[in-house]
$ cat structure.tsv   # TSV, C-alpha atoms and all ligand atoms
chain	number	residue	atom	x	y	z
A	1	MET	CA	162.43	105.45	132.23
A	2	ALA	CA	159.18	103.48	132.60
A	3	ARG	CA	157.61	103.32	136.04
A	4	LYS	CA	158.30	100.08	137.91
A	5	LEU	CA	155.29	97.86	138.33
A	6	THR	CA	153.72	95.46	140.78
A	7	VAL	CA	153.11	92.28	138.80
A	8	ALA	CA	151.03	89.29	139.92
A	9	VAL	CA	151.42	85.92	138.18
A	10	VAL	CA	148.40	83.69	138.79
A	11	GLY	CA	149.37	80.04	138.28
A	12	ALA	CA	153.05	80.76	138.99
A	13	THR	CA	153.80	77.11	139.77
A	14	GLY	CA	152.41	75.84	136.46
A	15	ALA	CA	154.16	75.12	133.16
A	16	VAL	CA	153.16	78.48	131.63
A	17	GLY	CA	153.42	80.41	134.92
A	18	ALA	CA	157.04	79.32	135.41
A	19	GLU	CA	157.80	80.44	131.88
A	20	MET	CA	156.10	83.80	132.56
A	21	LEU	CA	158.54	84.38	135.42
A	22	SER	CA	161.47	83.55	133.22
A	23	VAL	CA	160.25	85.70	130.29
A	24	LEU	CA	159.63	88.70	132.59
A	25	ALA	CA	163.24	88.43	133.77
A	26	ASP	CA	164.72	87.68	130.32
A	27	ARG	CA	163.03	90.70	128.75
A	28	ARG	CA	163.92	92.99	131.69
A	29	PHE	CA	160.24	93.81	132.20
A	30	PRO	CA	160.05	96.72	134.71
A	31	VAL	CA	158.98	94.68	137.77
A	32	ASP	CA	159.21	96.46	141.11
A	33	ARG	CA	157.35	93.82	143.11
A	34	LEU	CA	156.47	90.29	142.01
A	35	ILE	CA	153.53	88.42	143.54
A	36	PRO	CA	153.45	84.71	142.57
A	37	LEU	CA	150.02	83.18	143.21
A	38	ALA	CA	148.66	79.63	143.02
A	39	SER	CA	146.12	77.44	144.81
A	40	HIS	CA	146.30	76.30	148.45
A	41	ARG	CA	148.12	73.18	147.14
A	42	SER	CA	151.36	75.05	146.49
A	43	ALA	CA	150.96	78.14	148.68
A	44	GLY	CA	154.17	78.47	150.74
A	45	THR	CA	156.40	76.78	148.16
A	46	GLU	CA	159.05	78.81	146.35
A	47	VAL	CA	159.50	79.83	142.74
A	48	SER	CA	162.56	81.49	141.26
A	49	TYR	CA	162.53	84.81	139.47
A	50	ASP	CA	165.58	86.69	138.20
A	51	GLY	CA	167.98	84.82	140.46
A	52	ASP	CA	165.87	85.17	143.63
A	53	THR	CA	163.36	82.88	145.28
A	54	HIS	CA	159.83	84.09	146.02
A	55	VAL	CA	157.25	82.45	148.25
A	56	VAL	CA	154.00	81.53	146.48
A	57	ALA	CA	150.85	83.01	148.05
A	58	GLU	CA	147.39	81.48	147.88
A	59	LEU	CA	145.13	83.24	145.39
A	60	GLY	CA	142.29	85.05	147.13
A	61	GLU	CA	139.84	87.88	146.68
A	62	ARG	CA	142.28	90.43	148.11
A	63	SER	CA	145.34	89.30	146.12
A	64	PHE	CA	145.24	92.23	143.69
A	65	GLU	CA	145.43	95.29	145.94
A	66	GLY	CA	148.13	97.58	144.53
A	67	VAL	CA	148.74	95.32	141.52
A	68	ASP	CA	149.35	97.06	138.16
A	69	LEU	CA	149.49	93.97	135.93
A	70	ALA	CA	148.12	90.46	136.53
A	71	LEU	CA	149.15	87.61	134.22
A	72	PHE	CA	146.67	84.73	134.55
A	73	SER	CA	147.41	81.11	133.60
A	74	ALA	CA	145.55	78.95	136.11
A	75	GLY	CA	142.62	77.60	134.11
A	76	ALA	CA	139.37	79.10	132.83
A	77	ALA	CA	137.44	78.74	136.09
A	78	THR	CA	140.10	80.70	137.97
A	79	SER	CA	140.06	83.48	135.36
A	80	ASP	CA	136.26	83.58	135.40
A	81	ARG	CA	136.21	84.16	139.13
A	82	TYR	CA	139.31	86.25	139.78
A	83	ALA	CA	140.07	88.31	136.63
A	84	PRO	CA	137.09	90.66	137.22
A	85	LEU	CA	138.20	91.08	140.84
A	86	ALA	CA	141.70	91.98	139.67
A	87	VAL	CA	140.29	94.59	137.27
A	88	ALA	CA	138.02	96.00	139.99
A	89	ALA	CA	141.14	96.41	142.16
A	90	GLY	CA	142.79	98.42	139.36
A	91	ALA	CA	144.98	95.78	137.71
A	92	VAL	CA	145.14	95.19	133.96
A	93	VAL	CA	144.74	91.47	133.27
A	94	VAL	CA	146.44	89.53	130.48
A	95	ASP	CA	144.61	86.21	130.52
A	96	ASN	CA	146.13	83.09	128.99
A	97	THR	CA	142.98	80.95	129.28
A	98	SER	CA	140.24	80.62	126.67
A	99	PHE	CA	137.61	82.08	129.00
A	100	PHE	CA	137.36	85.66	127.63
A	101	ARG	CA	138.88	85.23	124.17
A	102	MET	CA	135.78	85.41	122.02
A	103	ARG	CA	134.01	88.19	123.95
A	104	PRO	CA	133.51	91.15	121.60
A	105	ASP	CA	134.65	93.62	124.28
A	106	VAL	CA	137.89	91.74	125.01
A	107	PRO	CA	140.84	92.26	122.63
A	108	LEU	CA	142.55	89.04	121.51
A	109	VAL	CA	146.05	90.10	120.62
A	110	VAL	CA	149.24	88.92	118.96
A	111	PRO	CA	151.44	92.02	119.03
A	112	GLU	CA	153.05	91.31	115.63
A	113	VAL	CA	149.58	91.03	114.03
A	114	ASN	CA	146.91	93.25	115.67
A	115	PRO	CA	148.47	95.55	118.30
A	116	ASP	CA	145.92	98.29	117.59
A	117	ALA	CA	143.21	96.11	119.16
A	118	LEU	CA	144.83	96.83	122.54
A	119	ASP	CA	143.55	100.41	122.51
A	120	ALA	CA	139.96	99.26	123.10
A	121	HIS	CA	140.65	97.17	126.21
A	122	ARG	CA	138.39	97.51	129.27
A	123	GLY	CA	140.83	95.91	131.71
A	124	ILE	CA	141.16	92.38	130.32
A	125	ILE	CA	143.22	91.39	127.28
A	126	ALA	CA	143.07	87.76	126.13
A	127	ASN	CA	146.20	85.86	125.09
A	128	PRO	CA	145.29	83.53	122.21
A	129	ASN	CA	145.51	79.76	121.92
A	130	CYS	CA	149.11	78.55	121.59
A	131	SER	CA	148.86	76.96	118.13
A	132	THR	CA	146.83	79.88	116.81
A	133	ILE	CA	149.49	82.42	117.84
A	134	GLN	CA	152.27	80.80	115.84
A	135	CYS	CA	150.00	80.33	112.80
A	136	VAL	CA	148.81	83.94	112.63
A	137	VAL	CA	152.36	85.28	113.08
A	138	ALA	CA	153.31	83.34	109.92
A	139	LEU	CA	150.09	84.01	107.98
A	140	ALA	CA	149.72	87.77	108.63
A	141	PRO	CA	152.60	88.89	106.34
A	142	LEU	CA	151.33	86.58	103.59
A	143	HIS	CA	147.79	87.92	104.02
A	144	ALA	CA	149.14	91.47	103.60
A	145	LEU	CA	150.86	90.30	100.39
A	146	ALA	CA	148.11	88.35	98.67
A	147	GLY	CA	144.86	88.27	100.69
A	148	LEU	CA	144.26	85.10	102.73
A	149	ARG	CA	141.14	83.26	101.59
A	150	ARG	CA	141.33	79.79	103.09
A	151	VAL	CA	143.64	77.84	105.38
A	152	VAL	CA	144.11	74.19	106.38
A	153	TYR	CA	145.87	73.52	109.69
A	154	SER	CA	147.22	70.13	110.86
A	155	THR	CA	148.83	70.48	114.27
A	156	TYR	CA	151.46	68.44	116.11
A	157	GLN	CA	151.08	69.70	119.69
A	158	SER	CA	153.33	68.84	122.60
A	159	ALA	CA	152.40	67.49	126.03
A	160	SER	CA	153.29	70.75	127.79
A	161	GLY	CA	150.18	72.35	126.29
A	162	ALA	CA	148.23	70.28	128.82
A	163	GLY	CA	150.31	71.54	131.75
A	164	HIS	CA	153.10	70.52	134.02
A	165	ARG	CA	151.51	67.31	135.29
A	166	ALA	CA	150.79	66.20	131.73
A	167	MET	CA	154.51	66.41	130.91
A	168	GLU	CA	155.21	64.23	133.94
A	169	GLU	CA	152.60	61.77	132.74
A	170	LEU	CA	154.20	61.48	129.29
A	171	LYS	CA	157.54	60.71	130.94
A	172	ASP	CA	155.94	58.20	133.34
A	173	GLN	CA	154.10	56.50	130.47
A	174	ALA	CA	157.33	56.11	128.48
A	175	VAL	CA	159.21	54.71	131.48
A	176	ALA	CA	156.35	52.30	132.27
A	177	LEU	CA	156.11	51.02	128.69
A	178	LEU	CA	159.87	50.51	128.41
A	179	ASN	CA	159.63	48.41	131.60
A	180	PHE	CA	156.69	46.34	130.27
A	181	ARG	CA	154.25	47.94	132.74
A	182	ASP	CA	150.85	49.51	132.09
A	183	PRO	CA	151.20	53.27	131.52
A	184	PRO	CA	149.36	55.68	133.84
A	185	VAL	CA	146.57	57.64	132.08
A	186	GLU	CA	145.07	60.58	133.97
A	187	LYS	CA	145.87	63.90	132.29
A	188	PHE	CA	145.58	62.64	128.69
A	189	PRO	CA	142.47	60.93	127.30
A	190	ARG	CA	144.56	57.86	126.38
A	191	ARG	CA	148.16	56.77	126.39
A	192	LEU	CA	150.25	59.36	124.51
A	193	ALA	CA	153.71	57.78	124.75
A	194	PHE	CA	154.71	56.27	121.37
A	195	ASP	CA	151.36	57.31	119.88
A	196	CYS	CA	149.47	60.40	118.58
A	197	LEU	CA	146.00	61.48	119.73
A	198	PRO	CA	143.65	63.51	117.48
A	199	HIS	CA	141.96	64.75	120.65
A	200	ILE	CA	142.84	68.03	122.41
A	201	ASP	CA	140.26	69.53	124.78
A	202	LYS	CA	136.71	68.16	124.71
A	203	PHE	CA	134.62	67.00	121.75
A	204	LEU	CA	131.84	69.32	120.51
A	205	ASP	CA	128.50	68.31	119.01
A	206	ASP	CA	129.74	68.73	115.42
A	207	GLY	CA	132.61	66.23	115.87
A	208	HIS	CA	135.37	68.86	116.13
A	209	THR	CA	137.31	69.34	119.34
A	210	LYS	CA	137.18	72.58	121.29
A	211	GLU	CA	140.87	73.14	120.46
A	212	GLU	CA	140.00	72.96	116.75
A	213	ARG	CA	137.10	75.39	117.24
A	214	LYS	CA	139.45	77.79	119.04
A	215	MET	CA	141.87	77.79	116.08
A	216	VAL	CA	139.04	78.62	113.65
A	217	GLU	CA	137.43	81.39	115.69
A	218	GLU	CA	140.62	82.93	117.06
A	219	SER	CA	142.35	83.03	113.64
A	220	ARG	CA	139.36	84.97	112.29
A	221	LYS	CA	139.24	87.39	115.22
A	222	ILE	CA	142.98	88.17	115.37
A	223	MET	CA	143.38	88.65	111.62
A	224	GLY	CA	140.08	90.54	111.30
A	225	LEU	CA	138.79	88.05	108.72
A	226	PRO	CA	135.36	86.91	109.98
A	227	ALA	CA	134.61	84.91	106.82
A	228	LEU	CA	137.99	83.13	106.60
A	229	ARG	CA	137.52	79.46	105.66
A	230	VAL	CA	139.50	77.31	108.10
A	231	SER	CA	139.91	73.51	108.17
A	232	VAL	CA	141.73	72.05	111.14
A	233	THR	CA	142.76	68.82	112.85
A	234	CYS	CA	144.59	69.17	116.17
A	235	VAL	CA	146.83	66.28	117.23
A	236	ARG	CA	148.70	65.71	120.50
A	237	VAL	CA	152.13	64.14	119.86
A	238	PRO	CA	154.62	62.63	122.31
A	239	VAL	CA	156.88	65.70	122.38
A	240	PHE	CA	157.51	67.57	125.64
A	241	VAL	CA	157.76	71.21	124.49
A	242	GLY	CA	157.08	72.88	121.13
A	243	HIS	CA	154.14	72.79	118.75
A	244	ALA	CA	154.43	72.29	114.98
A	245	VAL	CA	151.71	73.07	112.43
A	246	ALA	CA	151.56	72.08	108.76
A	247	ILE	CA	149.76	75.00	107.08
A	248	HIS	CA	148.23	74.98	103.59
A	249	ALA	CA	146.88	78.39	102.60
A	250	GLU	CA	144.96	79.74	99.61
A	251	PHE	CA	145.16	83.40	98.60
A	252	ASP	CA	143.03	85.83	96.57
A	253	ARG	CA	145.95	86.83	94.36
A	254	PRO	CA	148.84	84.83	92.83
A	255	VAL	CA	151.83	84.72	95.17
A	256	SER	CA	155.28	83.42	94.24
A	257	VAL	CA	157.41	81.48	96.68
A	258	ALA	CA	160.09	84.17	96.28
A	259	ALA	CA	157.68	86.95	97.25
A	260	ALA	CA	156.37	84.89	100.20
A	261	ARG	CA	159.92	84.23	101.33
A	262	ALA	CA	160.77	87.95	101.20
A	263	ALA	CA	157.61	88.86	103.16
A	264	LEU	CA	158.31	86.26	105.87
A	265	ALA	CA	162.00	87.20	106.11
A	266	ALA	CA	161.04	90.85	106.70
A	267	ALA	CA	158.26	90.12	109.21
A	268	PRO	CA	158.78	90.57	112.97
A	269	GLY	CA	159.08	87.52	115.21
A	270	ILE	CA	159.87	85.01	112.43
A	271	VAL	CA	163.00	82.98	111.66
A	272	LEU	CA	162.78	81.68	108.09
A	273	HIS	CA	164.63	78.46	107.23
A	274	ASP	CA	165.36	78.62	103.50
A	275	ASP	CA	167.07	75.27	102.98
A	276	PRO	CA	164.28	72.64	102.79
A	277	SER	CA	166.44	70.04	104.56
A	278	ALA	CA	167.22	72.47	107.42
A	279	TYR	CA	163.58	72.37	108.61
A	280	PRO	CA	162.94	73.43	112.20
A	281	THR	CA	161.51	70.98	114.75
A	282	ALA	CA	159.88	71.36	118.16
A	283	VAL	CA	163.12	70.37	119.84
A	284	ASP	CA	164.92	73.17	117.96
A	285	ALA	CA	162.31	75.78	118.89
A	286	ALA	CA	161.99	74.85	122.59
A	287	GLY	CA	163.33	77.58	124.87
A	288	GLN	CA	163.18	80.22	122.14
A	289	ASP	CA	160.81	83.12	121.42
A	290	PRO	CA	160.62	83.31	117.58
A	291	VAL	CA	158.24	81.45	115.31
A	292	HIS	CA	160.26	79.24	112.96
A	293	VAL	CA	159.04	78.74	109.38
A	294	GLY	CA	160.43	76.05	107.11
A	295	ARG	CA	159.40	73.90	104.11
A	296	LEU	CA	157.92	76.93	102.33
A	297	ARG	CA	156.67	75.82	98.92
A	298	ALA	CA	153.90	76.28	96.35
A	299	ASP	CA	150.79	74.18	96.98
A	300	ASP	CA	149.32	73.28	93.58
A	301	GLY	CA	146.36	71.58	95.25
A	302	LEU	CA	144.92	75.03	96.03
A	303	ASP	CA	144.35	78.21	93.99
A	304	ASN	CA	147.28	80.57	94.63
A	305	GLY	CA	148.40	78.09	97.28
A	306	LEU	CA	151.35	78.00	99.66
A	307	ALA	CA	152.39	75.32	102.14
A	308	MET	CA	154.71	75.73	105.12
A	309	TRP	CA	155.81	74.12	108.38
A	310	VAL	CA	155.54	76.44	111.38
A	311	VAL	CA	157.14	75.65	114.74
A	312	ALA	CA	157.30	77.53	118.06
A	313	ASP	CA	157.75	76.98	121.78
A	314	ASN	CA	154.13	76.77	122.97
A	315	LEU	CA	155.04	77.84	126.52
A	316	ARG	CA	156.97	80.91	125.29
A	317	LYS	CA	155.60	82.54	122.09
A	318	GLY	CA	152.48	80.38	122.40
A	319	ALA	CA	151.79	81.66	125.93
A	320	ALA	CA	154.23	83.49	128.23
A	321	THR	CA	156.22	85.53	125.71
A	322	ASN	CA	153.09	86.68	123.89
A	323	ALA	CA	151.51	87.70	127.22
A	324	VAL	CA	154.58	89.73	128.25
A	325	GLN	CA	154.78	91.29	124.76
A	326	ILE	CA	151.15	92.38	125.22
A	327	ALA	CA	152.11	94.03	128.52
A	328	GLU	CA	155.10	95.73	126.85
A	329	ALA	CA	152.84	97.00	124.06
A	330	LEU	CA	150.38	98.35	126.66
A	331	ILE	CA	153.21	100.30	128.30
A	332	ALA	CA	154.41	101.61	124.93
A	333	ARG	CA	150.86	102.81	124.15
A	334	ASP	CA	150.31	104.20	127.66
A	335	ARG	CA	147.40	101.78	128.11
A	336	LEU	CA	148.57	99.86	131.18
A	337	ARG	CA	145.66	101.13	133.26
A	338	VAL	CA	142.03	100.20	133.67
A	339	PRO	CA	139.85	102.74	131.83
A	340	ARG	CA	137.22	104.34	134.06
B	401	LIG	P1	148.92	74.69	142.06
B	401	LIG	O1	150.39	74.46	141.92
B	401	LIG	O2	148.57	75.24	143.39
B	401	LIG	O3	148.08	73.53	141.61
B	401	LIG	P2	149.54	73.64	134.87
B	401	LIG	O4	148.79	74.27	133.71
B	401	LIG	O5	150.98	73.44	134.59
B	401	LIG	O6	148.85	72.41	135.36
B	401	LIG	O7	149.49	74.72	136.07
B	401	LIG	C1	148.31	75.25	136.56
B	401	LIG	C2	148.61	76.41	137.48
B	401	LIG	O8	147.37	76.95	137.93
B	401	LIG	C3	149.35	75.99	138.75
B	401	LIG	O9	150.19	77.06	139.16
B	401	LIG	C4	148.22	75.77	139.73
B	401	LIG	O10	148.59	75.94	141.07
B	401	LIG	C5	147.31	76.92	139.34
B	401	LIG	N1	145.94	76.69	139.77
B	401	LIG	C6	145.12	75.68	139.41
B	401	LIG	N2	143.92	75.80	140.01
B	401	LIG	C7	143.98	76.93	140.77
B	401	LIG	C8	143.05	77.62	141.62
B	401	LIG	N3	141.83	77.16	141.83
B	401	LIG	N4	143.48	78.75	142.23
B	401	LIG	C9	144.73	79.23	142.03
B	401	LIG	N5	145.64	78.63	141.23
B	401	LIG	C10	145.27	77.49	140.60

$ encode --input "structure.tsv" --output "structure tokens" --more "lines below"
Ligand code: A2P
Amino acid sequence: MARKLTVAVVGATGAVGAEMLSVLADRRFPVDRLIPLASHRSAGTEVSYDGDTHVVAELGERSFEGVDLALFSAGAATSDRYAPLAVAAGAVVVDNTSFFRMRPDVPLVVPEVNPDALDAHRGIIANPNCSTIQCVVALAPLHALAGLRRVVYSTYQSASGAGHRAMEELKDQAVALLNFRDPPVEKFPRRLAFDCLPHIDKFLDDGHTKEERKMVEESRKIMGLPALRVSVTCVRVPVFVGHAVAIHAEFDRPVSVAAARAALAAAPGIVLHDDPSAYPTAVDAAGQDPVHVGRLRADDGLDNGLAMWVVADNLRKGAATNAVQIAEALIARDRLRVPR
């Protein structure tokens, strides 16, 4: 029987933090003591975990005494400041922000794809970008089959990727527009209701967005393919929960649709939808852990090409579930401790 752990959730009142609490309970993670943390804004409020309510404490420098595992999802600035303090106090950190992801000494892990990277951790493990996680889960078995050479991603990302208040804003925008009022615009760069925005995170000097850059760099790091050619456009769509990605991939070797189907059907964490008309959508995937793959077909526009439609709950497999799976894998490998 695994030892029971003291687990801190930083950002417990947020969209991902709330899902972390529910995934910890759903997966019967061995929690002895739960410490939900947030900013002074929601300190003293209550969150529910496994049928009980817990009072949220304000995050501070002494929050991590006696903590074994700290799950962070409270923005990059919070991780920058507090994750090293958590590690110094002896906690292993699984960080859902982009802050540490590309550091060479920080493993960036999707347990179905590169669990061995966990063995080199120094106290912090990074949880990848939500869209990237679902893409690499679907691409890894095909890479093992035929050698991935090039990939084109077009994403359809839901409002929840921008947090709890962004979901509220999408709802408020829709209500305002249906009542012939001007929609509020604060969390999104423009009105999202009844429109799509090719703009997630900030613009970089080369014209890409930071979200697009994350998908390129993180796909390469997780799959161990530093020269992988990646083209990507990330689009925010007026969906509340669940990201979809249209993927077009080119391989080194010929790959039949039948062989790809067999590889995906046998791969962990994937539900394959064989009937083209029974394609999965974000609404179908919301609330679930697996990555759903549909519309698998040959892509004759590429050499040895395949196309597919990949959908997952961005708050679960794209964030909370992957983070808890990382913690489970650390326990299984006896690595849930800070190396000295
Ligand atoms: P709070 O409720 O106190 O604002 P989301 O991504 O859904 O917007 O959620 C962000 C989460 O991160 C919330 O739980 C929020 O807490 C928390 N958070 C944001 N800034 C800080 C901070 N400076 N210190 C601690 N928690 C923070």

$ residues_around --input "structure.tsv" --residues "stretch 197-213 of chain A" --least-positions-apart "5" --cutoff "7 Å" --atoms "only C-alpha atoms" --output "JSON, numbers by chain"
{"A": [192, 232, 233, 234, 235, 236, 237]}

$ atom_distance --input "structure.tsv" --atom1 "atom CA of A:Tyr153" --atom2 "atom CA of A:Ala246"
5.9 Å

$ residues_around --input "structure.tsv" --residues "A:Arg27" --least-positions-apart "3" --cutoff "10 Å" --atoms "only C-alpha atoms" --output "ChimeraX atom specification"
/A:22-24,30,321,324-325,328

$ residues_around --input "structure.tsv" --residues "stretch 89-91 of chain A" --least-positions-apart "4" --cutoff "12 Å" --atoms "all atoms listed in the file" --output "ChimeraX atom specification"
/A:5-9,61-72,82-85,95,122-125,327,335-340

$ atom_distance --input "structure.tsv" --atom1 "atom CA of A:Phe251" --atom2 "atom CA of A:Ala146"
5.8 Å

$ closest_residue --input "structure.tsv" --among "A:Ala286, A:Ala265, A:Ile247, A:Ala319" --to "ligand LIG 401 (chain B)" --atoms "all atoms listed in the file"
A:Ala319

$ closest_residue --input "structure.tsv" --among "A:Ala159, A:Ile222, A:Val92, A:Leu302" --to "A:Leu315" --atoms "only C-alpha atoms"
A:Ala159

$ residues_near_ligand --input "structure.tsv" --ligand "ligand LIG 401 (chain B)" --cutoff "8 Å" --atoms "all atoms listed in the file" --output "JSON, numbers by chain"
{"A": [10, 11, 12, 13, 14, 15, 16, 17, 37, 38, 39, 40, 41, 42, 43, 58, 59, 73, 74, 75, 77, 78, 160, 161, 162, 163, 164, 165, 166]}

$ closest_atom_pairs --input "structure.tsv" --of "stretch 186-280 of chain A" --to "stretch 137-142 of chain A" --cutoff "12 Å" --atoms "only C-alpha atoms" --output "CSV"
residue,atom,partner,partner_atom,distance
A:Ser219,CA,A:Leu139,CA,9.6
A:Arg220,CA,A:Ala140,CA,11.3
A:Ile222,CA,A:Ala140,CA,9.5
A:Met223,CA,A:Ala140,CA,7.1
A:Gly224,CA,A:Ala140,CA,10.4
A:Leu225,CA,A:Ala140,CA,10.9
A:Val245,CA,A:Ala138,CA,10.7
A:Ala246,CA,A:Ala138,CA,11.5
A:Ile247,CA,A:Leu139,CA,9.1
A:His248,CA,A:Leu139,CA,10.2
A:Ala249,CA,A:Leu139,CA,8.4
A:Glu250,CA,A:Leu142,CA,10.2
A:Phe251,CA,A:Leu142,CA,8.5
A:Asp252,CA,A:Leu142,CA,10.9
A:Arg253,CA,A:Leu142,CA,10.7
A:Pro254,CA,A:Leu142,CA,11.2
A:Val255,CA,A:Leu142,CA,8.6
A:Ser256,CA,A:Leu142,CA,10.6
A:Val257,CA,A:Leu142,CA,10.5
A:Ala258,CA,A:Leu142,CA,11.7
A:Ala259,CA,A:Leu142,CA,9.0
A:Ala260,CA,A:Leu142,CA,6.3
A:Arg261,CA,A:Leu142,CA,9.2
A:Ala262,CA,A:Pro141,CA,9.7
A:Ala263,CA,A:Pro141,CA,5.9
A:Leu264,CA,A:Pro141,CA,6.3
A:Ala265,CA,A:Pro141,CA,9.6
A:Ala266,CA,A:Pro141,CA,8.7
A:Ala267,CA,A:Pro141,CA,6.5
A:Pro268,CA,A:Val137,CA,8.3
A:Gly269,CA,A:Val137,CA,7.4
A:Ile270,CA,A:Ala138,CA,7.2
A:Val271,CA,A:Ala138,CA,9.9
A:Leu272,CA,A:Ala138,CA,9.8

$ residues_near_point --input "structure.tsv" --point "(150.0, 55.8, 122.0)" --cutoff "10 Å" --atoms "only C-alpha atoms" --output "list in words"
Gln173, Ala174, Pro183, Arg190, Arg191, Leu192, Ala193, Phe194, Asp195, Cys196, Leu197, Val237 and Pro238 of chain A
